[in-house]
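Colleague: If you scroll down you'll find the structure; I have some questions about it.
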Amino acid sequence: MTLANKVIVLDFETTGLSPNNADRAIEIGAVKLIDGEIVDSFQELMNPGRSVNSFIENYTGITNAMLKEADSCEAVMTRFANFIEDFNLVAHNASFDKKFLDAEFEHCQQQYSGQFACSLLLSRRISQDAPNHKLGTLVEYHQLPNDGVFHRALADATMTAHLWNHQLQLLQQQLPHKAITFELINQISKRPKAQVSGYLQSL
DNA sequence: TGCCAGGCCCTCTTTAGGGCCTT
């Protein structure tokens, strides 16, 4: 059984919203989390082979000049494949990061075997009183550690890791005699919001 | 030529529409 607290938490910065629209990754950041401790990290810029627009430069602080000096997406993502091994994967709005991971790994013919969990879907279910479920809002709402940097890959991945740890603690408080597994979290994340409370009580 | 993300989730729903989240 795979424990929920042995995961890779990752975040992409990209040229846009969709690989289907020829968007590419420009930065990958990730932390390796074991038993709630960050034991390793990964962050690299990558050259997408095209220029990014001014919105992305302003949003991320990653400039075309920075990307021009970076290794190719294929080179960086091949190194990232070695970093994640067979760990399960966590991201905030994981559907976004998963589609870029799938697309970039296809470009460099890499594969991964872990499953994804999504801190956004989990938050919508176990933190229903939060004002919204943006990563920055949740960091403030839960008073999680941060260094004031947002929209850079390692900073966002690290904040997501703190959020993930906090979410595991919230679940463990509600289910003190239950092992909080990755599979259980994905079961909770698939439940209709209105049924989550009853589902947790049934466990 | 004209289009341009897409999965999730709620509701004034399911023969649909729109807001939320990610860059």
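Each chain of the structure tokens is named A, B, ... in the order shown, its residues numbered from 1; ligands are numbered from 1 in display order.
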Select all residues from chain B having any atom no more than 9 Å from an atom of chain A (counting only C-alpha atoms (C1' of nucleotides), ignoring ligands), output as a PyMOL selection string.

Modeller: chain B and resi 4-9+20-23

Colleague: According to DSSP computed on the backbone, where in segment 43-99 of chain A is there helix (DSSP H, G or I)? Give the residues as an MDAnalysis selection string.

Modeller: chainID A and resid 54:60 64:68 73:84 94:99

Colleague: Quick one: of A:Lys98, A:Lys68, A:His177, A:Arg125, who's nearest to Met46 of chain A, counting only C-alpha atoms?

Modeller: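 Between A:Lys98, A:Lys68, A:His177, A:Arg125, the residue approaching Met46 of chain A most closely is A:Lys68.
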
Colleague: When you draw a straight line from atom CA of Gln110 of chain A to atom CA of Arg79 of chain A, how long is it in Å?

Modeller: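 Computed distance, atom CA of Gln110 of chain A to atom CA of Arg79 of chain A, equals 9.9 Å.
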
Colleague: What's the separation between atom CA of Ala70 of chain A and atom CA of Pro48 of chain A, in Å to one decimal place?

Modeller: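 Between atom CA of Ala70 of chain A and atom CA of Pro48 of chain A the gap works out to 9.1 Å.
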
Colleague: What is the atom CA of Asn82 of chain A to atom CA of Leu10 of chain A distance in Å?

Modeller: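 Taking atom CA of Asn82 of chain A as the start and atom CA of Leu10 of chain A as the end point, the length is 14.0 Å.
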
Colleague: Could you name the residues that touch segment 153-160 of chain A at 8 Å or less, counting only C-alpha atoms (C1' of nucleotides), but leaving out those on the same chain fewer than 4 positions away, as a short mmCIF file (atom, residue, chain, number, x, y, z; two decimals) with N, CA and C atoms, in the first residue's frame?

Modeller:
data_model
loop_
_atom_site.label_atom_id
_atom_site.label_comp_id
_atom_site.auth_asym_id
_atom_site.auth_seq_id
_atom_site.Cartn_x
_atom_site.Cartn_y
_atom_site.Cartn_z
N VAL A 9 5.49 16.44 -4.82
CA VAL A 9 4.57 17.56 -5.04
C VAL A 9 5.20 18.44 -6.12
N LEU A 10 4.48 18.66 -7.21
CA LEU A 10 5.08 19.32 -8.36
C LEU A 10 4.24 20.49 -8.85
N ASP A 11 4.93 21.37 -9.60
CA ASP A 11 4.24 22.52 -10.19
C ASP A 11 4.97 22.93 -11.46
N PHE A 12 4.20 23.18 -12.53
CA PHE A 12 4.75 23.67 -13.79
C PHE A 12 4.46 25.15 -13.96
N GLU A 13 5.43 25.89 -14.52
CA GLU A 13 5.14 27.15 -15.18
C GLU A 13 5.19 26.86 -16.68
N GLU A 27 9.16 25.84 -16.77
CA GLU A 27 9.83 25.57 -15.50
C GLU A 27 9.11 24.44 -14.79
N ILE A 28 9.89 23.54 -14.18
CA ILE A 28 9.33 22.51 -13.32
C ILE A 28 9.95 22.65 -11.93
N GLY A 29 9.09 22.62 -10.93
CA GLY A 29 9.56 22.63 -9.54
C GLY A 29 8.87 21.50 -8.80
N ALA A 30 9.58 20.85 -7.91
CA ALA A 30 8.99 19.74 -7.17
C ALA A 30 9.74 19.51 -5.88
N VAL A 31 9.03 18.99 -4.90
CA VAL A 31 9.67 18.55 -3.67
C VAL A 31 9.29 17.10 -3.41
N SER A 41 14.53 18.28 -3.46
CA SER A 41 13.78 19.21 -4.30
C SER A 41 14.38 19.25 -5.71
N PHE A 42 13.60 19.76 -6.63
CA PHE A 42 14.00 19.83 -8.04
C PHE A 42 13.43 21.12 -8.61
N GLN A 43 14.28 21.93 -9.26
CA GLN A 43 13.78 23.09 -9.96
C GLN A 43 14.68 23.40 -11.14
N ALA A 91 -0.46 17.75 -6.99
CA ALA A 91 -0.38 19.11 -7.51
C ALA A 91 -1.67 19.85 -7.18
N HIS A 92 -1.59 21.18 -7.22
CA HIS A 92 -2.78 21.98 -6.97
C HIS A 92 -3.47 22.24 -8.31
N SER A 119 -4.68 18.62 -4.61
CA SER A 119 -4.94 19.36 -3.37
C SER A 119 -6.11 20.33 -3.53
N LEU A 135 -4.40 28.56 -4.57
CA LEU A 135 -3.27 28.18 -3.71
C LEU A 135 -2.89 29.32 -2.75
N VAL A 139 -2.97 29.17 1.38
CA VAL A 139 -1.76 29.37 2.19
C VAL A 139 -2.03 30.39 3.30
N LEU A 144 -0.05 28.91 6.38
CA LEU A 144 1.04 27.99 6.05
C LEU A 144 2.32 28.76 5.75
N PRO A 145 3.47 28.12 5.94
CA PRO A 145 4.74 28.80 5.66
C PRO A 145 4.86 29.18 4.19
N ASN A 146 5.42 30.37 3.96
CA ASN A 146 5.74 30.77 2.59
C ASN A 146 6.78 31.87 2.65
N ASP A 147 7.48 32.05 1.50
CA ASP A 147 8.52 33.07 1.46
C ASP A 147 8.09 34.28 0.62
N VAL A 149 7.03 34.35 -2.36
CA VAL A 149 7.19 34.15 -3.81
C VAL A 149 6.02 33.32 -4.31
N TRP A 164 -0.58 20.20 1.51
CA TRP A 164 -0.83 18.75 1.52
C TRP A 164 -0.63 18.18 2.93
#

Colleague: Out of chain A, which residues get strand (DSSP E) from DSSP, as JSON, numbers by chain?

Modeller: {"A": [6, 7, 8, 9, 10, 11, 12, 13, 14, 25, 26, 27, 28, 29, 30, 31, 32, 33, 34, 37, 38, 39, 40, 41, 42, 43, 44, 45, 88, 89, 90, 91, 116, 117, 118]}

Colleague: Could you pull the residues within 8 Å of Ala117 of chain A, counting only C-alpha atoms (C1' of nucleotides), minus those fewer than 2 positions along the same chain, as a PyMOL selection string?

Modeller: chain A and resi 88-91+94+115+119+182+185-186

Colleague: Can you list, as a PyMOL selection string, every protein, DNA or RNA residue that comes within 9 Å of Thr78 of chain A when you count only C-alpha atoms (C1' of nucleotides), leaving out same-chain residues fewer than 6 positions away?

Modeller: chain A and resi 105+108-110

Colleague: Would you output that residue set with C-alpha atoms, as a compact mmCIF listing (two decimals), in the first residue's frame?

Modeller:
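Result saved to again_39.txt:
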# COMPACT_ATOMS: atom_id res chain seq x y z
CA PHE A 105 7.07 13.20 -21.21
CA CYS A 108 11.08 13.11 -24.50
CA GLN A 109 9.69 9.53 -24.47
CA GLN A 110 9.64 9.24 -20.69
